[in-house]
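Working notes, beginning with the structure itself.
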Amino acid sequence: MGKILIKDGRVVPVAGTAQEIKADVLIDGGKIIAIAPDINADAEVIDATDSIVMPGFVDTHRHVWQTQLRTVATDWSLFDYFVEMRLGYSTFYTAEDAYLGNYVGALEALDAGITTLVDHCHILNTPEHAEEAARGLQESGMRAIFCYGTFANAPRVPMDVPTDPNWRYATARAIRQGRLADDKGLVRFGFAPFEAEAMSPDDLAAEIRVARELGAAVISLHAAMGPYASGIPVVETLHKSGLLGPDLLFVHGAAFTDHELKLISDSGAAISATPETEMQMGMGFPVAYRAQAHNVKTGLGIDIVSNYAGDMFMPMRLGLQATRALRNEEYGTRQRAPSIITPKAFEALRLATLGGAEAIQMNKQIGSLEVGKAADIAIISTQAMHMTPSFDAVGAIVLNARPTDITTVLVNGRVVKRNGALVGVDWPVLRKRFAASAERIMDGFKTVNVPELAAFARPIMPHLE
Ligand SMILES: [Zn+2]
C-alpha cells in the first residue's frame, strides 16, 4: 500500500484545541504519518479542495442484519419491535440473509462515512449464520466488532440447528478460533449476551465469563430502556459480583440512575446511546449527554436500520437538539430564556467519533485524526447547495451534511469510497440479490399470526399501556 496525501482540505481532527485547521494529511502503511500545511510527498493525491476532512464515524450499536427490513419498523414501539422483529422476522432469516444483511449494511455504513461499527448480532439461528454474518462484515472492508449474540431465535423454516443445547457457545468458540482469531484484524470478536434484563443474574454472569474467556473486545448489553426496564438492577448486580469492567458496553441506558452511571464510570464501562430509537420507542430520554456529565465513556449508535437510515448525521442531530430542547425547557418553566445554548455541536461530533472510540477502548487507534492513528477518514464535500457556504466546519458536519456529501472514505488507509462511489461494489447487481432476500423474509413473516404472538409476549412487559 503506497502513500496517500489528502491535499488542501479543512481538517477537523477532533483532537487538540483547534476545531478546524487548514492542513494536508499524509498516510503511509494504513496510518496517519503527518498533518501539516503544504506537505509535499511522493504519494497518491486526493484533492480535498472545498471539503472537510474528518475522522470516520464510530457507530457503537447496530443490528446490521436488519438492513433488508428497512421501513418495517416505522411506527413501532419497543413492544412491537420485540414481537415482530425478535420473535417474527428473525425466525425466517437464512444464513444467506444474515450474510447479505451484514454485507450490505456495512457497505451502507461505509458509504455514510462510518469506518467502525459495533455489530450486535443476534440473528444466529445456526452456526452457519455466525460464519456468514461475520463474513459479510469482513468482505465489506469495514472496521468492526462482531458481537456474537446468544439470543435463542426459534426458526420457523427448516434450518440446520444443532441438537447440542450448548451449540451457541461451541460456535462462539469455533468462530473465535477460526474466522475471528486475529485481534489485529479489521473485524474483531465481541459478545452479545442473550438479553441482560431477561436472564437470571447467574446466567448473565456465566455469559460474561464466557465472553471474557474468549477475549471479546466488547460485551454489548441492552439495558435500562426507560419504563421498559423491568426493575432488574443489572449494573448493581454486576457491580456486586465484581463483573463490571471496561469491556462492557451498555446500550440505551435512559433509565440509569445517577448512582448506576457512577458505577459504570468508576468501572471504566461505557454506554452507547441510540437517540432515534429511544425517542421513538418510549425508551426514555437519550442518555448521552447525562452519561458524559458523569464521566462515562459514551458513544452514539444507530441501532435498527429496519427503521431508519444507517448514517450518523441523524443521531448526532436528534440527540443534540433534543438535549438542547430539554435544557431550554427548564428555563421556560421558570419563565426565563437561556442566553447560552448547550450542548455545543462539537460535543455531538465528538460523541460520534472519538467518544465512540473511547466507548469500545479503541481511542488509541481511531476516533480522531492524529499522527500515529489509523487512517480511518471521511471527506465531506461542501460544494452542494445545502452546504454552501460552510463557514463553520463543525456546524456543516453536524447540522447540514448528508451522506451524499461524503466523497471519499478510507479505512486503515485503504480507499473504500472514491469520487462518491463505493469501490468494487456493483450495486445494481447486488441490489437484485438483496431485494430477493428481503422478499423471501417478508413472505415468511406474512404467515405469522402477529396478534397471537403479541398476546404471548404481553405479560413480559408489565408497564405497557
Ligand atoms: Zn439494540
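How things are named: the first chain in the C-alpha cells is A, the next is B, and so on; residues count from 1 in each chain; ligands count from 1 in the order shown.
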Can you tell me which residues surround segment 208-214 of chain A at a distance of at most 10 Å, considering only C-alpha atoms, apart from same-chain residues fewer than 3 positions away, and format the answer as a PyMOL selection string?
chain A and resi 147-148+169+172-173+176-177+181+189-193+202-205+217-220+238+243-244+247-248
Compute the set of protein, DNA and RNA residues whose minimum atom distance to ligand 1 is at most 8 Å, using only C-alpha atoms and all ligand atoms, and state it as an mmCIF file with all heavy atoms, in the first residue's frame.
data_model
loop_
_atom_site.group_PDB
_atom_site.id
_atom_site.type_symbol
_atom_site.label_atom_id
_atom_site.label_comp_id
_atom_site.auth_asym_id
_atom_site.auth_seq_id
_atom_site.Cartn_x
_atom_site.Cartn_y
_atom_site.Cartn_z
ATOM 1 N N HIS A 61 -23.498 0.916 18.076
ATOM 2 C CA HIS A 61 -24.548 -0.096 18.247
ATOM 3 C C HIS A 61 -25.417 -0.202 17.009
ATOM 4 O O HIS A 61 -26.131 0.740 16.651
ATOM 5 C CB HIS A 61 -25.440 0.229 19.444
ATOM 6 C CG HIS A 61 -26.448 -0.851 19.736
ATOM 7 N ND1 HIS A 61 -26.097 -2.069 20.275
ATOM 8 C CD2 HIS A 61 -27.787 -0.911 19.540
ATOM 9 C CE1 HIS A 61 -27.174 -2.825 20.415
ATOM 10 N NE2 HIS A 61 -28.219 -2.148 19.974
ATOM 11 N N ARG A 62 -25.359 -1.351 16.376
ATOM 12 C CA ARG A 62 -26.224 -1.569 15.216
ATOM 13 C C ARG A 62 -26.496 -3.063 15.086
ATOM 14 O O ARG A 62 -25.617 -3.878 15.297
ATOM 15 C CB ARG A 62 -25.545 -1.056 13.939
ATOM 16 C CG ARG A 62 -26.445 -1.160 12.727
ATOM 17 C CD ARG A 62 -25.761 -0.825 11.422
ATOM 18 N NE ARG A 62 -25.181 0.517 11.351
ATOM 19 C CZ ARG A 62 -25.224 1.307 10.271
ATOM 20 N NH1 ARG A 62 -25.849 0.910 9.193
ATOM 21 N NH2 ARG A 62 -24.632 2.474 10.259
ATOM 22 N N HIS A 63 -27.741 -3.377 14.741
ATOM 23 C CA HIS A 63 -28.078 -4.752 14.376
ATOM 24 C C HIS A 63 -28.025 -4.792 12.851
ATOM 25 O O HIS A 63 -29.025 -4.581 12.170
ATOM 26 C CB HIS A 63 -29.454 -5.131 14.915
ATOM 27 C CG HIS A 63 -29.577 -4.888 16.391
ATOM 28 N ND1 HIS A 63 -28.892 -5.652 17.321
ATOM 29 C CD2 HIS A 63 -30.260 -3.952 17.103
ATOM 30 C CE1 HIS A 63 -29.174 -5.189 18.537
ATOM 31 N NE2 HIS A 63 -29.987 -4.153 18.432
ATOM 32 N N HIS A 120 -24.141 -5.738 16.969
ATOM 33 C CA HIS A 120 -24.775 -6.586 17.993
ATOM 34 C C HIS A 120 -25.596 -7.607 17.213
ATOM 35 O O HIS A 120 -26.704 -7.334 16.786
ATOM 36 C CB HIS A 120 -25.639 -5.697 18.899
ATOM 37 C CG HIS A 120 -26.261 -6.412 20.055
ATOM 38 N ND1 HIS A 120 -26.040 -6.052 21.371
ATOM 39 C CD2 HIS A 120 -27.125 -7.442 20.110
ATOM 40 C CE1 HIS A 120 -26.739 -6.837 22.171
ATOM 41 N NE2 HIS A 120 -27.410 -7.682 21.439
ATOM 42 N N HIS A 222 -27.939 -4.654 26.056
ATOM 43 C CA HIS A 222 -29.091 -3.749 26.129
ATOM 44 C C HIS A 222 -29.472 -3.578 27.602
ATOM 45 O O HIS A 222 -29.579 -4.563 28.324
ATOM 46 C CB HIS A 222 -30.299 -4.352 25.410
ATOM 47 C CG HIS A 222 -30.138 -4.486 23.929
ATOM 48 N ND1 HIS A 222 -30.377 -5.652 23.255
ATOM 49 C CD2 HIS A 222 -29.772 -3.583 22.989
ATOM 50 C CE1 HIS A 222 -30.181 -5.462 21.951
ATOM 51 N NE2 HIS A 222 -29.802 -4.221 21.765
ATOM 52 N N VAL A 251 -26.116 -0.487 26.312
ATOM 53 C CA VAL A 251 -26.780 0.171 25.188
ATOM 54 C C VAL A 251 -28.146 0.706 25.625
ATOM 55 O O VAL A 251 -28.885 0.000 26.318
ATOM 56 C CB VAL A 251 -26.954 -0.820 24.024
ATOM 57 C CG1 VAL A 251 -27.651 -0.135 22.853
ATOM 58 C CG2 VAL A 251 -25.614 -1.388 23.600
ATOM 59 N N HIS A 252 -28.456 1.919 25.205
ATOM 60 C CA HIS A 252 -29.666 2.685 25.547
ATOM 61 C C HIS A 252 -29.449 3.372 26.899
ATOM 62 O O HIS A 252 -28.940 4.471 26.935
ATOM 63 C CB HIS A 252 -30.945 1.837 25.513
ATOM 64 C CG HIS A 252 -31.140 1.113 24.216
ATOM 65 N ND1 HIS A 252 -31.124 1.770 23.018
ATOM 66 C CD2 HIS A 252 -31.311 -0.217 23.933
ATOM 67 C CE1 HIS A 252 -31.290 0.883 22.041
ATOM 68 N NE2 HIS A 252 -31.396 -0.320 22.563
ATOM 69 N N ASP A 303 -28.522 1.607 15.817
ATOM 70 C CA ASP A 303 -29.415 0.561 16.311
ATOM 71 C C ASP A 303 -30.135 -0.185 15.194
ATOM 72 O O ASP A 303 -29.636 -1.176 14.706
ATOM 73 C CB ASP A 303 -30.404 1.138 17.337
ATOM 74 C CG ASP A 303 -31.036 0.059 18.204
ATOM 75 O OD1 ASP A 303 -30.610 -1.097 18.112
ATOM 76 O OD2 ASP A 303 -31.961 0.375 18.972
ATOM 77 N N ILE A 304 -31.315 0.288 14.787
ATOM 78 C CA ILE A 304 -32.097 -0.570 13.890
ATOM 79 C C ILE A 304 -32.313 0.079 12.514
ATOM 80 O O ILE A 304 -33.156 0.952 12.334
ATOM 81 C CB ILE A 304 -33.443 -0.988 14.519
ATOM 82 C CG1 ILE A 304 -34.243 0.196 15.039
ATOM 83 C CG2 ILE A 304 -33.212 -1.993 15.630
ATOM 84 C CD1 ILE A 304 -35.698 -0.179 15.357
#
Within 12 Å of segment 345-347 of chain A using only C-alpha atoms, minus same-chain residues under 6 positions, as a PDB file with N, CA, C and O atoms, in the first residue's frame:
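Listed below is the output, out_32.pdb:
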ATOM      1  N   VAL A  12     -10.853  18.664  10.365  1.00  0.00           N
ATOM      2  CA  VAL A  12     -11.491  18.703  11.686  1.00  0.00           C
ATOM      3  C   VAL A  12     -10.970  17.479  12.439  1.00  0.00           C
ATOM      4  O   VAL A  12     -11.495  16.376  12.280  1.00  0.00           O
ATOM      5  N   PRO A  13      -9.928  17.667  13.242  1.00  0.00           N
ATOM      6  CA  PRO A  13      -9.243  16.485  13.778  1.00  0.00           C
ATOM      7  C   PRO A  13      -9.950  15.812  14.960  1.00  0.00           C
ATOM      8  O   PRO A  13      -9.689  14.658  15.256  1.00  0.00           O
ATOM      9  N   VAL A  14     -10.877  16.525  15.619  1.00  0.00           N
ATOM     10  CA  VAL A  14     -11.497  16.038  16.866  1.00  0.00           C
ATOM     11  C   VAL A  14     -10.403  15.654  17.869  1.00  0.00           C
ATOM     12  O   VAL A  14     -10.466  14.634  18.558  1.00  0.00           O
ATOM     13  N   ALA A  15      -9.390  16.491  17.901  1.00  0.00           N
ATOM     14  CA  ALA A  15      -8.270  16.317  18.831  1.00  0.00           C
ATOM     15  C   ALA A  15      -7.590  17.672  18.941  1.00  0.00           C
ATOM     16  O   ALA A  15      -7.679  18.478  18.014  1.00  0.00           O
ATOM     17  N   THR A  17      -6.715  21.555  20.358  1.00  0.00           N
ATOM     18  CA  THR A  17      -7.537  22.699  20.723  1.00  0.00           C
ATOM     19  C   THR A  17      -8.306  23.287  19.548  1.00  0.00           C
ATOM     20  O   THR A  17      -9.404  23.796  19.728  1.00  0.00           O
ATOM     21  N   ALA A  18      -7.748  23.201  18.350  1.00  0.00           N
ATOM     22  CA  ALA A  18      -8.426  23.812  17.197  1.00  0.00           C
ATOM     23  C   ALA A  18      -9.497  22.878  16.646  1.00  0.00           C
ATOM     24  O   ALA A  18      -9.245  21.707  16.409  1.00  0.00           O
ATOM     25  N   GLN A  19     -10.701  23.427  16.447  1.00  0.00           N
ATOM     26  CA  GLN A  19     -11.756  22.592  15.870  1.00  0.00           C
ATOM     27  C   GLN A  19     -11.512  22.341  14.393  1.00  0.00           C
ATOM     28  O   GLN A  19     -11.949  21.336  13.848  1.00  0.00           O
ATOM     29  N   GLU A  20     -10.818  23.293  13.763  1.00  0.00           N
ATOM     30  CA  GLU A  20     -10.604  23.171  12.321  1.00  0.00           C
ATOM     31  C   GLU A  20      -9.226  23.728  11.979  1.00  0.00           C
ATOM     32  O   GLU A  20      -8.849  24.789  12.481  1.00  0.00           O
ATOM     33  N   ALA A 288     -27.085  10.227  26.397  1.00  0.00           N
ATOM     34  CA  ALA A 288     -25.686  10.514  26.030  1.00  0.00           C
ATOM     35  C   ALA A 288     -25.049  11.653  26.832  1.00  0.00           C
ATOM     36  O   ALA A 288     -23.978  11.484  27.418  1.00  0.00           O
ATOM     37  N   TYR A 289     -25.695  12.804  26.868  1.00  0.00           N
ATOM     38  CA  TYR A 289     -25.045  13.961  27.498  1.00  0.00           C
ATOM     39  C   TYR A 289     -25.046  13.849  29.026  1.00  0.00           C
ATOM     40  O   TYR A 289     -24.127  14.314  29.682  1.00  0.00           O
ATOM     41  N   GLN A 292     -22.203  11.521  29.805  1.00  0.00           N
ATOM     42  CA  GLN A 292     -20.929  12.250  29.704  1.00  0.00           C
ATOM     43  C   GLN A 292     -20.665  13.086  30.936  1.00  0.00           C
ATOM     44  O   GLN A 292     -19.545  13.169  31.413  1.00  0.00           O
ATOM     45  N   ALA A 293     -21.728  13.711  31.438  1.00  0.00           N
ATOM     46  CA  ALA A 293     -21.570  14.552  32.631  1.00  0.00           C
ATOM     47  C   ALA A 293     -21.135  13.721  33.836  1.00  0.00           C
ATOM     48  O   ALA A 293     -20.564  14.245  34.786  1.00  0.00           O
ATOM     49  N   THR A 298     -18.801   7.512  26.386  1.00  0.00           N
ATOM     50  CA  THR A 298     -20.100   7.461  25.708  1.00  0.00           C
ATOM     51  C   THR A 298     -19.953   7.603  24.200  1.00  0.00           C
ATOM     52  O   THR A 298     -19.226   8.479  23.726  1.00  0.00           O
ATOM     53  N   GLY A 299     -20.660   6.752  23.480  1.00  0.00           N
ATOM     54  CA  GLY A 299     -20.730   6.863  22.027  1.00  0.00           C
ATOM     55  C   GLY A 299     -22.175   6.885  21.567  1.00  0.00           C
ATOM     56  O   GLY A 299     -23.105   6.727  22.364  1.00  0.00           O
ATOM     57  N   LEU A 300     -22.345   7.102  20.267  1.00  0.00           N
ATOM     58  CA  LEU A 300     -23.682   7.061  19.679  1.00  0.00           C
ATOM     59  C   LEU A 300     -23.834   5.812  18.813  1.00  0.00           C
ATOM     60  O   LEU A 300     -22.846   5.290  18.298  1.00  0.00           O
ATOM     61  N   PHE A 313     -25.452  11.164  10.890  1.00  0.00           N
ATOM     62  CA  PHE A 313     -25.866  12.568  10.939  1.00  0.00           C
ATOM     63  C   PHE A 313     -27.139  12.730  11.779  1.00  0.00           C
ATOM     64  O   PHE A 313     -27.251  13.652  12.587  1.00  0.00           O
ATOM     65  N   MET A 316     -26.670  12.191  15.618  1.00  0.00           N
ATOM     66  CA  MET A 316     -25.957  13.363  16.162  1.00  0.00           C
ATOM     67  C   MET A 316     -26.925  14.521  16.351  1.00  0.00           C
ATOM     68  O   MET A 316     -26.963  15.171  17.389  1.00  0.00           O
ATOM     69  N   ARG A 317     -27.705  14.778  15.293  1.00  0.00           N
ATOM     70  CA  ARG A 317     -28.543  15.974  15.291  1.00  0.00           C
ATOM     71  C   ARG A 317     -29.729  15.819  16.250  1.00  0.00           C
ATOM     72  O   ARG A 317     -30.045  16.728  17.010  1.00  0.00           O
ATOM     73  N   LEU A 318     -30.353  14.645  16.204  1.00  0.00           N
ATOM     74  CA  LEU A 318     -31.506  14.426  17.082  1.00  0.00           C
ATOM     75  C   LEU A 318     -31.114  14.496  18.550  1.00  0.00           C
ATOM     76  O   LEU A 318     -31.792  15.120  19.364  1.00  0.00           O
ATOM     77  N   GLY A 319     -30.021  13.826  18.880  1.00  0.00           N
ATOM     78  CA  GLY A 319     -29.578  13.810  20.284  1.00  0.00           C
ATOM     79  C   GLY A 319     -29.212  15.196  20.768  1.00  0.00           C
ATOM     80  O   GLY A 319     -29.534  15.595  21.889  1.00  0.00           O
ATOM     81  N   LEU A 320     -28.533  15.944  19.889  1.00  0.00           N
ATOM     82  CA  LEU A 320     -28.108  17.303  20.237  1.00  0.00           C
ATOM     83  C   LEU A 320     -29.318  18.217  20.431  1.00  0.00           C
ATOM     84  O   LEU A 320     -29.462  18.879  21.473  1.00  0.00           O
ATOM     85  N   GLN A 321     -30.186  18.258  19.442  1.00  0.00           N
ATOM     86  CA  GLN A 321     -31.304  19.217  19.505  1.00  0.00           C
ATOM     87  C   GLN A 321     -32.321  18.826  20.567  1.00  0.00           C
ATOM     88  O   GLN A 321     -32.935  19.702  21.200  1.00  0.00           O
ATOM     89  N   THR A 323     -31.585  17.393  23.373  1.00  0.00           N
ATOM     90  CA  THR A 323     -30.991  17.772  24.669  1.00  0.00           C
ATOM     91  C   THR A 323     -31.044  19.282  24.854  1.00  0.00           C
ATOM     92  O   THR A 323     -31.321  19.785  25.953  1.00  0.00           O
ATOM     93  N   ARG A 324     -30.806  20.013  23.771  1.00  0.00           N
ATOM     94  CA  ARG A 324     -30.954  21.473  23.858  1.00  0.00           C
ATOM     95  C   ARG A 324     -32.388  21.835  24.237  1.00  0.00           C
ATOM     96  O   ARG A 324     -32.622  22.699  25.099  1.00  0.00           O
ATOM     97  N   THR A 353     -17.565  10.217  17.107  1.00  0.00           N
ATOM     98  CA  THR A 353     -16.235   9.816  16.616  1.00  0.00           C
ATOM     99  C   THR A 353     -15.370   9.324  17.785  1.00  0.00           C
ATOM    100  O   THR A 353     -15.410   8.147  18.135  1.00  0.00           O
ATOM    101  N   LEU A 354     -14.661  10.264  18.420  1.00  0.00           N
ATOM    102  CA  LEU A 354     -13.731   9.877  19.484  1.00  0.00           C
ATOM    103  C   LEU A 354     -14.448   9.274  20.693  1.00  0.00           C
ATOM    104  O   LEU A 354     -13.936   8.342  21.329  1.00  0.00           O
ATOM    105  N   GLY A 355     -15.628   9.797  21.000  1.00  0.00           N
ATOM    106  CA  GLY A 355     -16.394   9.251  22.122  1.00  0.00           C
ATOM    107  C   GLY A 355     -16.720   7.777  21.895  1.00  0.00           C
ATOM    108  O   GLY A 355     -16.581   6.944  22.798  1.00  0.00           O
ATOM    109  N   GLY A 356     -17.136   7.467  20.672  1.00  0.00           N
ATOM    110  CA  GLY A 356     -17.426   6.076  20.337  1.00  0.00           C
ATOM    111  C   GLY A 356     -16.180   5.210  20.432  1.00  0.00           C
ATOM    112  O   GLY A 356     -16.214   4.081  20.921  1.00  0.00           O
ATOM    113  N   ASP A 392     -18.586  27.425   9.266  1.00  0.00           N
ATOM    114  CA  ASP A 392     -18.178  26.634  10.438  1.00  0.00           C
ATOM    115  C   ASP A 392     -18.204  25.153  10.054  1.00  0.00           C
ATOM    116  O   ASP A 392     -19.264  24.580   9.785  1.00  0.00           O
ATOM    117  N   ALA A 393     -17.030  24.551  10.005  1.00  0.00           N
ATOM    118  CA  ALA A 393     -16.949  23.155   9.531  1.00  0.00           C
ATOM    119  C   ALA A 393     -17.729  22.204  10.439  1.00  0.00           C
ATOM    120  O   ALA A 393     -18.390  21.274   9.967  1.00  0.00           O
ATOM    121  N   VAL A 394     -17.665  22.451  11.746  1.00  0.00           N
ATOM    122  CA  VAL A 394     -18.368  21.549  12.674  1.00  0.00           C
ATOM    123  C   VAL A 394     -19.877  21.671  12.484  1.00  0.00           C
ATOM    124  O   VAL A 394     -20.604  20.673  12.419  1.00  0.00           O
ATOM    125  N   GLY A 395     -20.345  22.903  12.352  1.00  0.00           N
ATOM    126  CA  GLY A 395     -21.768  23.114  12.086  1.00  0.00           C
ATOM    127  C   GLY A 395     -22.197  22.491  10.770  1.00  0.00           C
ATOM    128  O   GLY A 395     -23.304  21.949  10.641  1.00  0.00           O
ATOM    129  N   ALA A 396     -21.305  22.544   9.786  1.00  0.00           N
ATOM    130  CA  ALA A 396     -21.614  21.942   8.491  1.00  0.00           C
ATOM    131  C   ALA A 396     -21.794  20.434   8.626  1.00  0.00           C
ATOM    132  O   ALA A 396     -22.719  19.855   8.067  1.00  0.00           O
ATOM    133  N   ILE A 397     -20.908  19.810   9.404  1.00  0.00           N
ATOM    134  CA  ILE A 397     -21.000  18.351   9.574  1.00  0.00           C
ATOM    135  C   ILE A 397     -22.245  17.982  10.373  1.00  0.00           C
ATOM    136  O   ILE A 397     -23.030  17.120   9.977  1.00  0.00           O
ATOM    137  N   VAL A 398     -22.431  18.634  11.509  1.00  0.00           N
ATOM    138  CA  VAL A 398     -23.444  18.171  12.464  1.00  0.00           C
ATOM    139  C   VAL A 398     -24.862  18.570  12.052  1.00  0.00           C
ATOM    140  O   VAL A 398     -25.805  17.811  12.238  1.00  0.00           O
ATOM    141  N   LEU A 399     -25.021  19.760  11.475  1.00  0.00           N
ATOM    142  CA  LEU A 399     -26.376  20.260  11.256  1.00  0.00           C
ATOM    143  C   LEU A 399     -26.775  20.378   9.779  1.00  0.00           C
ATOM    144  O   LEU A 399     -27.922  20.696   9.486  1.00  0.00           O
ATOM    145  N   ASN A 400     -25.849  20.125   8.863  1.00  0.00           N
ATOM    146  CA  ASN A 400     -26.187  20.317   7.447  1.00  0.00           C
ATOM    147  C   ASN A 400     -25.849  19.149   6.518  1.00  0.00           C
ATOM    148  O   ASN A 400     -26.533  18.949   5.520  1.00  0.00           O
TER     149      ASN A 400
END
Quick one: residues within 9 Å of Glu276 of chain A, only C-alpha atoms, excluding same-chain residues fewer than 2 positions away - as a ChimeraX atom specification?
/A:274,278-281,286,301-303,308,314-315,318-319
Could you dump the residues just selected with N, CA and C atoms as a CSV table (one decimal), in the first residue's frame?
chain,number,residue,atom,x,y,z
A,274,THR,N,-28.6,5.5,21.6
A,274,THR,CA,-29.1,5.5,20.2
A,274,THR,C,-30.3,6.4,20.2
A,278,GLU,N,-34.5,5.5,21.0
A,278,GLU,CA,-35.0,5.8,22.4
A,278,GLU,C,-36.2,6.8,22.3
A,279,MET,N,-36.0,7.8,21.4
A,279,MET,CA,-37.0,8.8,21.2
A,279,MET,C,-38.3,8.3,20.6
A,280,GLN,N,-38.2,7.4,19.7
A,280,GLN,CA,-39.4,6.8,19.1
A,280,GLN,C,-40.1,5.8,19.9
A,281,MET,N,-39.3,4.9,20.6
A,281,MET,CA,-39.9,3.7,21.1
A,281,MET,C,-40.3,3.8,22.6
A,286,PRO,N,-32.8,10.2,25.6
A,286,PRO,CA,-31.4,9.7,25.3
A,286,PRO,C,-30.4,10.2,26.3
A,301,GLY,N,-25.1,5.4,18.7
A,301,GLY,CA,-25.3,4.2,17.8
A,301,GLY,C,-26.6,4.5,17.0
A,302,ILE,N,-26.7,3.7,15.9
A,302,ILE,CA,-27.9,3.8,15.0
A,302,ILE,C,-28.9,2.8,15.4
A,303,ASP,N,-28.5,1.6,15.8
A,303,ASP,CA,-29.4,0.6,16.3
A,303,ASP,C,-30.1,-0.2,15.2
A,308,TYR,N,-34.7,3.2,10.1
A,308,TYR,CA,-34.2,4.4,9.6
A,308,TYR,C,-32.8,4.3,9.0
A,314,MET,N,-28.1,11.8,11.6
A,314,MET,CA,-29.3,12.0,12.3
A,314,MET,C,-29.2,11.7,13.8
A,315,PRO,N,-28.6,10.6,14.2
A,315,PRO,CA,-28.4,10.5,15.7
A,315,PRO,C,-27.7,11.7,16.3
A,318,LEU,N,-30.4,14.6,16.2
A,318,LEU,CA,-31.5,14.4,17.1
A,318,LEU,C,-31.1,14.5,18.6
A,319,GLY,N,-30.0,13.8,18.9
A,319,GLY,CA,-29.6,13.8,20.3
A,319,GLY,C,-29.2,15.2,20.8
I'd like the neighbourhood of Gly141 of chain A as a PyMOL selection string, where a residue qualifies if any of its atoms comes within 9 Å (using only C-alpha atoms), though same-chain residues fewer than 3 positions away should be ignored.
chain A and resi 106-107+110+115+137-138+186-187+411+414+416
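Counting only C-alpha atoms and comparing A:Ala435, A:Ala95, A:Ala254, A:Ala375, the residue that lies closest to Leu124 of chain A is A:Ala95.
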